[in-house]
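Quick look at input.cif (mmCIF, C-alpha atoms):
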```
data_query
loop_
_atom_site.label_atom_id
_atom_site.label_comp_id
_atom_site.auth_asym_id
_atom_site.auth_seq_id
_atom_site.Cartn_x
_atom_site.Cartn_y
_atom_site.Cartn_z
CA MET C 1 30.84 -13.57 -30.98
CA ILE C 2 30.79 -9.90 -32.01
CA GLU C 3 34.15 -10.46 -33.72
CA VAL C 4 32.59 -13.22 -35.84
CA LEU C 5 29.57 -11.04 -36.64
CA ARG C 6 31.81 -8.15 -37.65
CA ALA C 7 33.72 -10.40 -40.00
CA VAL C 8 30.56 -11.54 -41.82
CA LEU C 9 28.60 -8.25 -41.51
CA PRO C 10 31.23 -5.70 -42.51
CA ASP C 11 28.73 -2.81 -42.57
CA GLY C 12 28.85 -2.84 -38.76
CA ARG C 13 25.10 -3.19 -38.21
CA ALA C 14 25.41 -6.26 -35.95
CA VAL C 15 23.36 -5.98 -32.73
CA VAL C 16 23.75 -8.33 -29.77
CA LEU C 17 20.79 -8.82 -27.43
CA SER C 18 21.60 -10.13 -23.96
CA GLY C 19 20.65 -9.91 -20.32
CA PRO C 20 18.90 -11.72 -17.47
CA SER C 21 16.03 -13.67 -19.05
CA PHE C 22 15.11 -17.28 -18.45
CA ALA C 23 13.22 -18.29 -21.62
CA GLN C 24 10.43 -19.92 -19.60
CA GLU C 25 9.78 -16.69 -17.71
CA VAL C 26 9.80 -14.48 -20.82
CA ALA C 27 7.47 -16.92 -22.60
CA ALA C 28 5.10 -16.76 -19.62
CA GLY C 29 4.87 -12.98 -20.03
CA LEU C 30 6.80 -12.14 -16.85
CA PRO C 31 8.79 -8.87 -16.90
CA ALA C 32 12.44 -8.84 -17.99
CA ALA C 33 15.00 -6.23 -19.02
CA LEU C 34 17.67 -6.74 -21.69
CA VAL C 35 20.38 -4.81 -23.49
CA ALA C 36 20.62 -4.32 -27.28
CA ALA C 37 24.22 -3.39 -28.05
CA SER C 38 25.75 -2.18 -31.28
CA SER C 39 28.34 0.25 -32.55
CA ASP C 40 25.47 1.46 -34.78
CA ALA C 41 23.05 3.36 -32.51
CA ALA C 42 20.24 3.29 -35.08
CA ALA C 43 20.47 -0.48 -35.37
CA ALA C 44 20.35 -0.91 -31.58
CA GLY C 45 17.38 1.47 -31.43
CA LEU C 46 15.57 -0.55 -34.10
CA VAL C 47 15.91 -3.72 -31.99
CA GLN C 48 14.77 -1.76 -28.93
CA THR C 49 11.57 -0.45 -30.50
CA THR C 50 10.79 -3.58 -32.53
CA LEU C 51 11.19 -6.22 -29.82
CA GLY C 52 10.70 -4.18 -26.63
CA GLY C 53 7.42 -3.55 -24.89
CA ASP C 54 5.70 -3.22 -21.54
CA ARG C 55 6.95 -6.55 -20.25
CA LEU C 56 10.24 -6.89 -22.11
CA ARG C 57 12.20 -3.68 -21.47
CA ILE C 58 15.16 -3.21 -23.82
CA TYR C 59 17.93 -0.73 -23.07
CA THR C 60 20.45 0.27 -25.74
CA SER C 61 24.24 0.15 -25.38
CA ASP C 62 27.18 1.08 -27.62
CA ASP C 63 29.35 -1.72 -26.21
CA PRO C 64 28.72 -5.05 -27.95
CA VAL C 65 32.12 -6.36 -26.78
CA GLY C 66 31.27 -5.91 -23.09
CA VAL C 67 27.82 -7.41 -23.61
CA CYS C 68 29.30 -10.48 -25.35
CA VAL C 69 31.91 -11.01 -22.63
CA GLY C 70 29.20 -10.79 -19.97
CA GLY C 71 26.88 -13.21 -21.73
CA ALA C 72 29.62 -15.81 -22.25
CA LEU C 73 31.59 -15.62 -19.01
CA LYS C 74 28.67 -15.59 -16.59
CA ASN C 75 28.10 -19.26 -17.45
CA VAL C 76 31.57 -20.19 -16.20
CA VAL C 77 31.10 -18.35 -12.90
CA ALA C 78 27.73 -20.10 -12.52
CA ILE C 79 29.48 -23.48 -12.65
CA ALA C 80 31.73 -22.33 -9.79
CA ALA C 81 28.68 -21.03 -7.88
CA GLY C 82 26.97 -24.40 -8.34
CA CYS C 83 30.05 -26.14 -6.87
CA CYS C 84 29.97 -23.72 -3.94
CA ASP C 85 26.30 -24.55 -3.29
CA GLY C 86 26.93 -28.27 -3.82
CA PHE C 87 29.52 -28.30 -1.06
CA GLY C 88 27.14 -26.38 1.25
CA LEU C 89 29.50 -23.44 1.66
CA GLY C 90 26.62 -21.03 2.20
CA THR C 91 25.16 -17.99 0.51
CA SER C 92 27.81 -15.59 1.85
CA ALA C 93 30.56 -17.54 0.09
CA ARG C 94 28.47 -17.67 -3.09
CA ALA C 95 27.97 -13.89 -2.99
CA ALA C 96 31.74 -13.42 -2.67
CA LEU C 97 32.33 -15.75 -5.61
CA ILE C 98 29.81 -13.85 -7.75
CA THR C 99 31.52 -10.56 -6.89
CA ARG C 100 35.01 -11.83 -7.67
CA GLY C 101 33.61 -13.46 -10.81
CA LEU C 102 32.26 -10.16 -12.05
CA ALA C 103 35.66 -8.57 -11.37
CA GLU C 104 37.46 -11.05 -13.61
CA MET C 105 34.77 -10.72 -16.30
CA GLY C 106 35.38 -6.96 -16.20
CA ARG C 107 39.14 -7.46 -16.60
CA LEU C 108 38.65 -9.53 -19.75
CA ALA C 109 36.08 -7.08 -21.18
CA ASP C 110 38.45 -4.18 -20.55
CA ARG C 111 41.33 -6.01 -22.24
CA LYS C 112 39.12 -6.74 -25.27
CA GLY C 113 38.11 -3.07 -25.61
CA GLY C 114 34.77 -3.24 -23.81
CA HIS C 115 33.56 -0.73 -21.23
CA PRO C 116 33.91 -1.84 -17.59
CA LEU C 117 30.53 -0.27 -16.69
CA THR C 118 28.77 -2.59 -19.14
CA LEU C 119 29.67 -5.47 -16.83
CA ALA C 120 27.95 -3.64 -13.96
CA GLY C 121 24.75 -3.60 -16.02
CA LEU C 122 22.07 -6.02 -17.12
CA ALA C 123 24.30 -8.06 -19.47
CA GLY C 124 26.99 -8.45 -16.80
CA LEU C 125 25.88 -8.33 -13.19
CA GLY C 126 22.18 -8.87 -13.98
CA ASP C 127 22.70 -11.99 -16.03
CA LEU C 128 25.41 -13.25 -13.66
CA VAL C 129 23.12 -12.99 -10.63
CA LEU C 130 20.32 -14.79 -12.43
CA THR C 131 22.54 -17.58 -13.71
CA CYS C 132 24.32 -18.11 -10.40
CA THR C 133 21.23 -18.16 -8.19
CA GLY C 134 18.34 -19.38 -10.34
CA ASP C 135 17.42 -23.04 -10.20
CA LEU C 136 16.60 -22.97 -13.93
CA SER C 137 20.28 -22.43 -14.78
CA ARG C 138 21.88 -25.41 -16.53
CA ASN C 139 25.38 -24.16 -15.80
CA ARG C 140 24.67 -24.03 -12.09
CA GLN C 141 23.41 -27.63 -12.36
CA VAL C 142 26.80 -28.60 -13.84
CA GLY C 143 28.52 -27.16 -10.76
CA LEU C 144 26.18 -29.01 -8.41
CA ALA C 145 27.01 -32.27 -10.23
CA LEU C 146 30.76 -31.58 -10.04
CA ALA C 147 30.39 -31.15 -6.27
CA ARG C 148 28.72 -34.59 -6.15
CA GLY C 149 31.88 -35.97 -7.73
CA GLU C 150 30.47 -36.68 -11.18
CA SER C 151 32.82 -36.53 -14.15
CA THR C 152 32.45 -34.02 -16.98
CA VAL C 153 31.44 -36.77 -19.41
CA GLU C 154 28.78 -38.18 -17.05
CA ILE C 155 27.37 -34.71 -16.49
CA LEU C 156 27.12 -33.82 -20.16
CA VAL C 157 25.47 -37.14 -21.02
CA LYS C 158 22.89 -36.84 -18.22
CA LEU C 159 22.19 -33.16 -18.86
CA GLY C 160 21.09 -33.70 -22.45
CA HIS C 161 21.12 -29.92 -23.02
CA VAL C 162 23.83 -27.48 -23.93
CA ALA C 163 25.58 -26.06 -20.87
CA GLU C 164 27.51 -23.29 -22.59
CA GLY C 165 29.82 -22.66 -19.68
CA VAL C 166 31.62 -25.99 -20.15
CA GLY C 167 33.09 -25.10 -23.52
CA THR C 168 33.48 -21.45 -22.57
CA ALA C 169 35.58 -22.33 -19.50
CA ARG C 170 38.26 -23.91 -21.66
CA THR C 171 38.19 -21.23 -24.38
CA ALA C 172 38.16 -18.32 -21.94
CA SER C 173 40.87 -19.81 -19.77
CA ALA C 174 43.16 -20.16 -22.80
CA LEU C 175 42.26 -16.65 -24.00
CA ALA C 176 42.98 -15.16 -20.57
CA GLU C 177 46.37 -16.85 -20.47
CA ARG C 178 47.22 -15.62 -23.98
CA LEU C 179 46.17 -12.04 -23.14
CA GLY C 180 47.79 -12.01 -19.68
CA VAL C 181 44.48 -11.40 -17.87
CA ASP C 182 44.15 -12.86 -14.34
CA MET C 183 40.98 -15.01 -14.27
CA PRO C 184 41.36 -17.42 -11.35
CA ILE C 185 37.75 -18.62 -11.23
CA THR C 186 37.66 -19.40 -14.95
CA ARG C 187 41.04 -21.13 -14.69
CA GLU C 188 39.94 -23.33 -11.77
CA VAL C 189 36.64 -24.26 -13.44
CA ALA C 190 38.53 -25.30 -16.57
CA ALA C 191 40.97 -27.34 -14.46
CA VAL C 192 38.10 -29.21 -12.78
CA LEU C 193 36.21 -29.85 -16.02
CA PHE C 194 39.13 -30.79 -18.27
CA ASP C 195 42.18 -31.69 -16.15
CA GLY C 196 40.52 -33.81 -13.50
CA LYS C 197 41.32 -31.42 -10.65
CA PRO C 198 39.05 -32.22 -7.68
CA ALA C 199 36.35 -29.55 -7.30
CA ARG C 200 36.94 -29.17 -3.57
CA ALA C 201 40.65 -28.48 -4.09
CA ALA C 202 39.81 -25.89 -6.74
CA LEU C 203 37.42 -24.05 -4.43
CA THR C 204 39.93 -24.17 -1.57
CA ASP C 205 42.57 -22.68 -3.87
CA LEU C 206 40.18 -19.87 -4.82
CA LEU C 207 39.26 -19.05 -1.22
CA ALA C 208 42.87 -19.20 0.00
CA ARG C 209 44.30 -16.54 -2.29
CA ASP C 210 46.43 -13.97 -0.50
CA LEU C 211 44.84 -11.13 1.42
CA ARG C 212 45.08 -7.92 -0.53
CA ALA C 213 43.39 -4.70 -1.54
CA GLU C 214 40.03 -5.24 -3.25
CA ARG C 215 40.81 -3.25 -6.39
CA ALA C 216 44.42 -4.52 -6.67
CA MET U 217 27.87 6.45 9.14
CA ILE U 218 31.44 7.32 8.19
CA GLU U 219 30.53 11.00 8.53
CA VAL U 220 29.45 10.38 12.13
CA LEU U 221 32.62 8.40 12.85
CA ARG U 222 34.79 11.13 11.37
CA ALA U 223 33.10 13.70 13.60
CA VAL U 224 33.85 11.72 16.76
CA LEU U 225 37.20 10.25 15.68
CA PRO U 226 38.95 13.28 14.18
CA ASP U 227 42.29 11.46 13.78
CA GLY U 228 40.75 9.68 10.78
CA ARG U 229 41.45 6.14 11.96
CA ALA U 230 37.84 4.96 11.55
CA VAL U 231 37.53 1.66 9.68
CA VAL U 232 34.24 0.28 8.36
CA LEU U 233 33.88 -3.48 7.89
CA SER U 234 31.16 -4.60 5.53
CA GLY U 235 30.28 -7.18 2.90
CA PRO U 236 28.18 -10.28 2.23
CA SER U 237 28.01 -12.19 5.51
CA PHE U 238 24.96 -13.70 7.17
CA ALA U 239 25.90 -13.89 10.85
CA GLN U 240 24.62 -17.47 11.13
CA GLU U 241 26.92 -18.60 8.31
CA VAL U 242 30.00 -16.83 9.67
CA ALA U 243 29.32 -18.23 13.15
CA ALA U 244 29.09 -21.72 11.64
CA GLY U 245 32.60 -21.32 10.20
CA LEU U 246 31.49 -21.11 6.57
CA PRO U 247 33.68 -19.01 4.24
CA ALA U 248 32.94 -15.32 3.70
CA ALA U 249 34.78 -12.32 2.23
CA LEU U 250 34.49 -8.75 3.56
CA VAL U 251 35.98 -5.32 3.01
CA ALA U 252 37.77 -3.21 5.64
CA ALA U 253 37.71 0.39 4.41
CA SER U 254 39.48 3.43 5.78
CA SER U 255 41.23 6.56 4.59
CA ASP U 256 44.06 5.28 6.84
CA ALA U 257 45.62 2.29 5.06
CA ALA U 258 47.45 1.09 8.19
CA ALA U 259 44.22 1.02 10.18
CA ALA U 260 42.45 -0.97 7.45
CA GLY U 261 45.42 -3.36 7.30
CA LEU U 262 45.26 -3.86 11.08
CA VAL U 263 41.61 -4.92 10.83
CA GLN U 264 42.50 -7.18 7.90
CA THR U 265 45.27 -9.05 9.72
CA THR U 266 43.59 -9.09 13.15
CA LEU U 267 40.14 -10.35 12.15
CA GLY U 268 40.87 -12.09 8.84
CA GLY U 269 41.77 -15.73 8.44
CA ASP U 270 41.34 -18.82 6.29
CA ARG U 271 37.55 -18.72 6.42
CA LEU U 272 36.92 -15.00 6.80
CA ARG U 273 38.82 -13.27 4.00
CA ILE U 274 39.17 -9.52 4.48
CA TYR U 275 40.12 -7.21 1.61
CA THR U 276 41.20 -3.61 2.25
CA SER U 277 39.76 -0.52 0.59
CA ASP U 278 40.46 3.22 0.77
CA ASP U 279 36.79 4.11 0.21
CA PRO U 280 34.76 4.06 3.45
CA VAL U 281 32.08 6.29 1.87
CA GLY U 282 31.35 3.82 -0.93
CA VAL U 283 31.37 0.91 1.53
CA CYS U 284 28.89 2.71 3.84
CA VAL U 285 26.55 3.58 0.96
CA GLY U 286 26.60 -0.05 -0.19
CA GLY U 287 25.92 -1.45 3.25
CA ALA U 288 22.99 0.88 3.89
CA LEU U 289 21.27 1.04 0.51
CA LYS U 290 21.32 -2.68 -0.29
CA ASN U 291 18.66 -3.14 2.39
CA VAL U 292 16.26 -0.85 0.54
CA VAL U 293 16.73 -2.67 -2.76
CA ALA U 294 16.16 -5.97 -0.92
CA ILE U 295 12.72 -4.74 0.15
CA ALA U 296 11.90 -4.07 -3.50
CA ALA U 297 13.28 -7.50 -4.46
CA GLY U 298 11.09 -9.12 -1.81
CA CYS U 299 8.03 -7.36 -3.30
CA CYS U 300 9.01 -8.60 -6.75
CA ASP U 301 9.24 -12.17 -5.44
CA GLY U 302 6.03 -11.76 -3.45
CA PHE U 303 4.10 -10.87 -6.60
CA GLY U 304 5.63 -13.85 -8.44
CA LEU U 305 7.29 -11.70 -11.10
CA GLY U 306 10.10 -14.21 -11.60
CA THR U 307 13.85 -14.33 -11.21
CA SER U 308 14.58 -12.42 -14.45
CA ALA U 309 12.66 -9.38 -13.16
CA ARG U 310 14.43 -9.67 -9.81
CA ALA U 311 17.83 -9.74 -11.54
CA ALA U 312 16.90 -6.58 -13.46
CA LEU U 313 15.81 -4.89 -10.23
CA ILE U 314 19.09 -5.82 -8.52
CA THR U 315 21.04 -4.40 -11.45
CA ARG U 316 19.12 -1.12 -11.55
CA GLY U 317 19.37 -0.97 -7.75
CA LEU U 318 23.14 -1.19 -7.89
CA ALA U 319 23.15 1.60 -10.49
CA GLU U 320 21.27 3.98 -8.20
CA MET U 321 23.45 3.01 -5.23
CA GLY U 322 26.47 3.89 -7.37
CA ARG U 323 24.99 7.28 -8.25
CA LEU U 324 24.55 8.17 -4.58
CA ALA U 325 28.05 6.92 -3.68
CA ASP U 326 29.54 8.98 -6.50
CA ARG U 327 27.67 12.11 -5.37
CA LYS U 328 28.92 11.58 -1.79
CA GLY U 329 32.54 11.27 -2.94
CA GLY U 330 32.80 7.47 -2.99
CA HIS U 331 34.39 5.43 -5.78
CA PRO U 332 31.91 3.85 -8.24
CA LEU U 333 34.02 0.66 -8.41
CA THR U 334 33.52 0.07 -4.69
CA LEU U 335 29.86 -0.59 -5.43
CA ALA U 336 30.90 -3.28 -7.92
CA GLY U 337 32.76 -5.05 -5.12
CA LEU U 338 31.94 -7.10 -2.03
CA ALA U 339 30.35 -4.25 -0.04
CA GLY U 340 28.14 -3.24 -2.97
CA LEU U 341 27.24 -5.96 -5.44
CA GLY U 342 28.25 -8.82 -3.15
CA ASP U 343 26.16 -7.73 -0.21
CA LEU U 344 23.29 -6.67 -2.50
CA VAL U 345 23.10 -10.10 -4.13
CA LEU U 346 23.13 -11.84 -0.77
CA THR U 347 20.48 -9.60 0.76
CA CYS U 348 18.18 -9.74 -2.28
CA THR U 349 18.30 -13.50 -2.80
CA GLY U 350 18.98 -15.07 0.61
CA ASP U 351 16.04 -16.33 2.63
CA LEU U 352 17.80 -15.22 5.83
CA SER U 353 17.40 -11.55 4.83
CA ARG U 354 14.99 -9.65 7.06
CA ASN U 355 14.65 -6.82 4.54
CA ARG U 356 13.58 -9.24 1.83
CA GLN U 357 10.96 -10.58 4.28
CA VAL U 358 9.59 -7.03 4.63
CA GLY U 359 9.11 -6.88 0.85
CA LEU U 360 7.36 -10.26 0.79
CA ALA U 361 4.97 -9.01 3.50
CA LEU U 362 4.29 -5.77 1.58
CA ALA U 363 3.35 -7.88 -1.45
CA ARG U 364 0.86 -9.75 0.78
CA GLY U 365 -0.76 -6.38 1.48
CA GLU U 366 0.42 -6.01 5.08
CA SER U 367 0.91 -2.49 6.44
CA THR U 368 4.29 -1.17 7.59
CA VAL U 369 3.17 -1.16 11.22
CA GLU U 370 1.89 -4.76 11.05
CA ILE U 371 5.15 -5.89 9.45
CA LEU U 372 7.39 -4.22 12.00
CA VAL U 373 5.36 -5.58 14.93
CA LYS U 374 5.38 -9.15 13.58
CA LEU U 375 9.05 -9.06 12.56
CA GLY U 376 10.31 -8.32 16.05
CA HIS U 377 13.78 -7.63 14.63
CA VAL U 378 15.37 -4.57 13.13
CA ALA U 379 14.90 -4.39 9.37
CA GLU U 380 17.32 -1.58 8.62
CA GLY U 381 16.00 -0.92 5.15
CA VAL U 382 12.72 0.51 6.45
CA GLY U 383 14.30 3.52 8.11
CA THR U 384 16.98 3.77 5.43
CA ALA U 385 14.38 4.01 2.65
CA ARG U 386 12.96 7.22 4.09
CA THR U 387 16.33 8.77 4.94
CA ALA U 388 17.93 7.87 1.63
CA SER U 389 14.93 9.01 -0.38
CA ALA U 390 15.05 12.44 1.29
CA LEU U 391 18.84 12.60 0.86
CA ALA U 392 18.59 11.72 -2.83
CA GLU U 393 16.00 14.42 -3.40
CA ARG U 394 18.11 17.00 -1.57
CA LEU U 395 21.24 16.07 -3.57
CA GLY U 396 19.41 15.79 -6.90
CA VAL U 397 20.32 12.10 -7.37
CA ASP U 398 17.83 9.95 -9.29
CA MET U 399 16.96 6.93 -7.10
CA PRO U 400 13.63 5.58 -8.36
CA ILE U 401 13.71 2.25 -6.48
CA THR U 402 14.49 3.90 -3.15
CA ARG U 403 11.80 6.52 -3.79
CA GLU U 404 9.13 3.91 -4.58
CA VAL U 405 10.03 1.77 -1.55
CA ALA U 406 9.71 4.82 0.70
CA ALA U 407 6.36 5.70 -0.90
CA VAL U 408 5.03 2.19 -0.22
CA LEU U 409 6.32 2.07 3.36
CA PHE U 410 5.43 5.59 4.46
CA ASP U 411 2.86 7.12 2.08
CA GLY U 412 0.54 4.13 1.67
CA LYS U 413 1.27 3.70 -2.05
CA PRO U 414 0.16 0.19 -3.12
CA ALA U 415 3.20 -2.04 -3.68
CA ARG U 416 1.93 -3.30 -7.03
CA ALA U 417 1.50 0.23 -8.37
CA ALA U 418 5.04 1.07 -7.23
CA LEU U 419 6.52 -1.94 -9.04
CA THR U 420 4.50 -1.17 -12.17
CA ASP U 421 5.83 2.41 -12.13
CA LEU U 422 9.39 1.10 -11.83
CA LEU U 423 9.02 -1.37 -14.70
CA ALA U 424 7.24 1.15 -16.96
CA ARG U 425 9.96 3.80 -17.04
CA ASP U 426 10.78 5.02 -20.54
CA LEU U 427 13.04 3.02 -22.78
CA ARG U 428 16.49 4.56 -22.92
CA ALA U 429 20.22 3.92 -23.09
CA GLU U 430 21.50 1.79 -20.19
CA ARG U 431 24.15 4.25 -19.02
CA ALA U 432 21.97 7.36 -19.58
#
```
For the file at hand, write its structure as structure tokens.
Amino acid sequence: MIEVLRAVLPDGRAVVLSGPSFAQEVAAGLPAALVAASSDAAAAGLVQTTLGGDRLRIYTSDDPVGVCVGGALKNVVAIAAGCCDGFGLGTSARAALITRGLAEMGRLADRKGGHPLTLAGLAGLGDLVLTCTGDLSRNRQVGLALARGESTVEILVKLGHVAEGVGTARTASALAERLGVDMPITREVAAVLFDGKPARAALTDLLARDLRAERA
Amino acid sequence: MIEVLRAVLPDGRAVVLSGPSFAQEVAAGLPAALVAASSDAAAAGLVQTTLGGDRLRIYTSDDPVGVCVGGALKNVVAIAAGCCDGFGLGTSARAALITRGLAEMGRLADRKGGHPLTLAGLAGLGDLVLTCTGDLSRNRQVGLALARGESTVEILVKLGHVAEGVGTARTASALAERLGVDMPITREVAAVLFDGKPARAALTDLLARDLRAERA
């Protein structure tokens, strides 16, 4: 999205605001912490001081690319986490999936010129954890429905809301292939949603990848 | 712990095995992924091939220090997360706490000679997410009890199990002060557990820290 904003706002003052924040919780006045990211530090600071307060803490960042990758990709990993929960694979497996999900998000951010540490922050890890474990997450609900054997069309009709991760899975999977970035979770989610691959087979393929070094 | 192992096993073949894995889930044959870390790659590989299998995936790592810091400190952050849940502050606030918790774990690991990326992996982020969100976590239960106003002694007597994070909070807080590492969550948890600071005041202090840049 930052690439679109840069094309229409050539003075570079685009700021992206992202991070773990269910709208219902923020509206209820519960505490939350977000990131305002821009290549223009003054613009990010303006968002920080204008929108931030006691309850809504806003941190600044100079990495809008990393923040955008985090905000988009976490929805895809949440679909996989919902599948994992739907099949009753347990919270240990879900934690592993979240961790490997963050690793592939970091690879894409790095390839797009973002900073890997951004993905370890609120707009990466923070938002990923919330989306993958919170019952208010629509993307997680999509994964639960896939595990029940529902088709993508059925799910979208019943949901009646936007579940961003559905479209993002296809776009990000194609982007990863074009850029030569290894994103197995995104690829399997796209295969389940758009190519009719059974969700259980996709999860099995993910869990059966070769043993190797963690940072390899 | 790796420092103790190195003192008693001077040939350097100590391997630490850690990561997101509730014992009940592993015993039930559910999938989990762990890290075997050693400065001796052959020793780590031996643990990987001997204990690993289809269900229990084991990745190798050359960073036992980072893995040990992750395994110990995640328990302290889980106590804070339990407090946050106990006061009904919502899942967005909990996600922010988890994120800032991982950041301070990374600072300690870095200061002790570990690799910051280890903390973004299974033995850091993965285990942290599991411990902070899973209902099977004893450390999270300690935080819930603190939010109910119970004293440390009451909690430990009723729990009847080891909740590692209680002792770790005090040790890690003292270590951080000695090494000059900023660990506000660990410090506040120790203050609540051992100095009688009210849990709500501690959480308020954590959420009210000055606005600043995320990576500052």
Distance filter 8 Å, only C-alpha atoms, chain C against chain U, as a PyMOL selection string:
chain C and resi 20-22+25+30-33+35+48+54-55+57-61+89-93+95-96+98-100+103+120-122+125-127+129-130+133-134+207-208+211-215
Can you tell me, as a count of residues only, what residues are no more than 12 Å from Ala415 of chain U when counting all atoms listed in the file, ignoring any on the same chain fewer than 5 positions away?
31
Quote the spacing between atom CA of His161 of chain C and atom CA of Val4 of chain C in Å to one decimal place.
24.0 Å
For atom CA of Lys112 of chain C and atom CA of Val166 of chain C, quote the distance in Å rounded to one decimal.
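Atom CA of Val166 of chain C lies at a distance of 21.3 Å from atom CA of Lys112 of chain C.
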Any idea what's packed within 12 Å of Leu395 of chain U, counting all atoms listed in the file, ignoring anything in its chain fewer than 6 positions away? Could you give it as number ranges by chain?
U: 323-328, 388-389
Atomic distance atom CA of Ala176 of chain C - atom CA of Leu17 of chain C, expressed in Å with one decimal:
24.1 Å
Residue nearest Val263 of chain U among U:Ala230, U:Ala288, U:Val373, U:Ala223 (counting only C-alpha atoms):
U:Ala230
